[in-house]
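Listing of input.tsv; format and content: TSV, C-alpha atoms.
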```tsv
chain	number	residue	atom	x	y	z
A	187	MET	CA	-27.57	-38.88	-4.50
A	188	ALA	CA	-27.32	-42.66	-4.14
A	189	GLN	CA	-28.26	-45.09	-6.88
A	190	TYR	CA	-29.68	-48.54	-6.16
A	191	THR	CA	-30.06	-51.31	-8.73
A	192	TYR	CA	-32.19	-54.40	-8.07
A	193	PRO	CA	-33.54	-57.29	-10.11
A	194	ALA	CA	-37.32	-57.43	-10.39
A	195	ILE	CA	-39.40	-60.42	-11.38
A	196	PHE	CA	-42.08	-59.65	-13.95
A	197	HIS	CA	-44.87	-62.25	-14.05
A	198	THR	CA	-47.13	-62.02	-17.08
A	199	ALA	CA	-50.77	-63.15	-16.77
A	200	SER	CA	-53.89	-62.60	-18.83
A	201	ASP	CA	-54.90	-59.59	-16.74
A	202	GLY	CA	-51.53	-57.79	-16.60
A	203	ILE	CA	-48.02	-57.99	-15.22
A	204	SER	CA	-47.18	-58.32	-11.53
A	205	VAL	CA	-43.77	-57.23	-10.28
A	206	SER	CA	-41.87	-58.34	-7.19
A	207	PHE	CA	-38.37	-57.77	-5.88
A	208	PRO	CA	-36.81	-60.98	-4.50
A	209	ASP	CA	-34.46	-59.03	-2.21
A	210	LEU	CA	-37.16	-56.70	-0.85
A	211	PRO	CA	-40.13	-58.59	0.63
A	212	GLY	CA	-43.26	-56.47	0.46
A	213	ALA	CA	-42.11	-54.45	-2.55
A	214	LEU	CA	-44.89	-55.41	-4.97
A	215	THR	CA	-46.61	-53.64	-7.84
A	216	CYS	CA	-48.25	-54.31	-11.19
A	217	GLY	CA	-49.08	-52.85	-14.57
A	218	TYR	CA	-51.45	-53.46	-17.45
A	219	ASP	CA	-48.67	-53.64	-20.05
A	220	PRO	CA	-44.84	-53.82	-20.08
A	221	LYS	CA	-44.36	-50.04	-20.24
A	222	GLU	CA	-46.62	-49.40	-17.25
A	223	ALA	CA	-45.12	-52.32	-15.30
A	224	LEU	CA	-41.59	-50.92	-15.77
A	225	ARG	CA	-42.70	-47.45	-14.65
A	226	MET	CA	-44.51	-48.85	-11.62
A	227	ALA	CA	-41.51	-51.04	-10.73
A	228	ALA	CA	-39.18	-48.02	-10.63
A	229	GLU	CA	-41.67	-46.10	-8.48
A	230	CYS	CA	-42.17	-49.08	-6.16
A	231	LEU	CA	-38.43	-49.60	-5.70
A	232	THR	CA	-37.85	-45.92	-4.97
A	233	LEU	CA	-40.66	-45.69	-2.41
A	234	HIS	CA	-39.73	-48.98	-0.74
A	235	LEU	CA	-36.07	-47.99	-0.34
A	236	CYS	CA	-37.00	-44.50	0.91
A	237	GLY	CA	-39.13	-46.12	3.60
A	238	MET	CA	-36.35	-48.50	4.59
A	239	ILE	CA	-33.85	-45.64	4.86
A	240	ARG	CA	-36.31	-43.52	6.85
A	241	ASP	CA	-36.91	-46.44	9.24
A	242	GLY	CA	-33.20	-47.16	9.63
A	243	ASP	CA	-33.50	-50.62	8.05
A	244	GLU	CA	-30.46	-52.26	6.51
A	245	ILE	CA	-30.53	-52.16	2.71
A	246	PRO	CA	-29.76	-55.67	1.41
A	247	GLU	CA	-27.28	-56.44	-1.33
A	248	PRO	CA	-29.06	-57.17	-4.62
A	249	THR	CA	-29.04	-60.71	-5.95
A	250	PRO	CA	-27.27	-61.00	-9.31
A	251	ALA	CA	-29.93	-61.18	-12.03
A	252	ASP	CA	-28.60	-64.50	-13.33
A	253	ARG	CA	-29.22	-66.09	-9.91
A	254	VAL	CA	-32.89	-65.13	-9.64
A	255	VAL	CA	-35.09	-68.22	-9.77
A	256	LEU	CA	-37.97	-67.85	-12.21
A	257	ASP	CA	-41.22	-69.69	-12.79
A	258	GLU	CA	-43.13	-70.05	-16.02
A	259	ASN	CA	-44.26	-66.73	-17.55
A	260	GLU	CA	-41.60	-64.77	-15.61
A	261	HIS	CA	-38.55	-62.78	-16.59
A	262	VAL	CA	-36.08	-60.49	-14.82
A	263	GLU	CA	-35.64	-56.78	-15.43
A	264	ILE	CA	-33.03	-54.60	-13.72
A	265	ILE	CA	-34.64	-51.60	-12.03
A	266	VAL	CA	-32.75	-48.50	-10.92
A	267	ALA	CA	-33.75	-46.05	-8.19
A	268	ALA	CA	-31.87	-42.80	-7.57
A	269	LEU	CA	-32.43	-41.37	-4.10
```

Please rewrite the model in this file as structure tokens.
Amino acid sequence: MAQYTYPAIFHTASDGISVSFPDLPGALTCGYDPKEALRMAAECLTLHLCGMIRDGDEIPEPTPADRVVLDENEHVEIIVAAL
């Protein structure tokens, strides 16, 4: 079993939290509260990486969390996927 760890950007708005992965374009999800957003982020990362592996795509190296550029109302969380 392989383990992948990627930084995710959590953007908080009045209607919930959107999550994106700067190293994985198209890997997007959201949640109503922090707990749901974290759960959805882990699921999103797992499914996205499974699809990349299935399609034979190269898995990119994760950006160090301290190098992720953030906007207002954003923070970084480290998300782990075990495949």

Smallest atom-to-atom distance to Glu260 in chain A: which of A:Ser206, A:Thr232, A:Gln189, A:Thr215, using all atoms listed in the file? A:Ser206

Quick one: everything within 9 Å of range 236-250 of chain A, counting all atoms listed in the file, minus sequence neighbours fewer than 2 positions away in the same chain. Send it as a CSV table (one decimal) with C-alpha atoms, in the frame of the given file.
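The file below, result.csv, is the result:
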```
chain,number,residue,atom,x,y,z
A,190,TYR,CA,-29.7,-48.5,-6.2
A,191,THR,CA,-30.1,-51.3,-8.7
A,192,TYR,CA,-32.2,-54.4,-8.1
A,193,PRO,CA,-33.5,-57.3,-10.1
A,208,PRO,CA,-36.8,-61.0,-4.5
A,209,ASP,CA,-34.5,-59.0,-2.2
A,210,LEU,CA,-37.2,-56.7,-0.8
A,231,LEU,CA,-38.4,-49.6,-5.7
A,232,THR,CA,-37.8,-45.9,-5.0
A,233,LEU,CA,-40.7,-45.7,-2.4
A,234,HIS,CA,-39.7,-49.0,-0.7
A,252,ASP,CA,-28.6,-64.5,-13.3
A,253,ARG,CA,-29.2,-66.1,-9.9
A,254,VAL,CA,-32.9,-65.1,-9.6
A,269,LEU,CA,-32.4,-41.4,-4.1
```

Closest of A:Asp219, A:His261, A:Ala268, A:Ala227 to Phe196 in chain A - atom-to-atom distances counting only C-alpha atoms: A:His261

Which residue of A:Val255, A:Ala188, A:Ala194, A:Ala267 approaches Leu214 in chain A most closely, using only C-alpha atoms: A:Ala194

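When all atoms listed in the file are used to measure the gap to Met226 in chain A, the shortest distance among A:Val266, A:Met187, A:Leu256, A:Ala199 belongs to A:Val266.
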
Could you please determine the separation between CA of Glu229 in chain A and CA of Ile264 in chain A in Å, to one decimal place? 13.2 Å
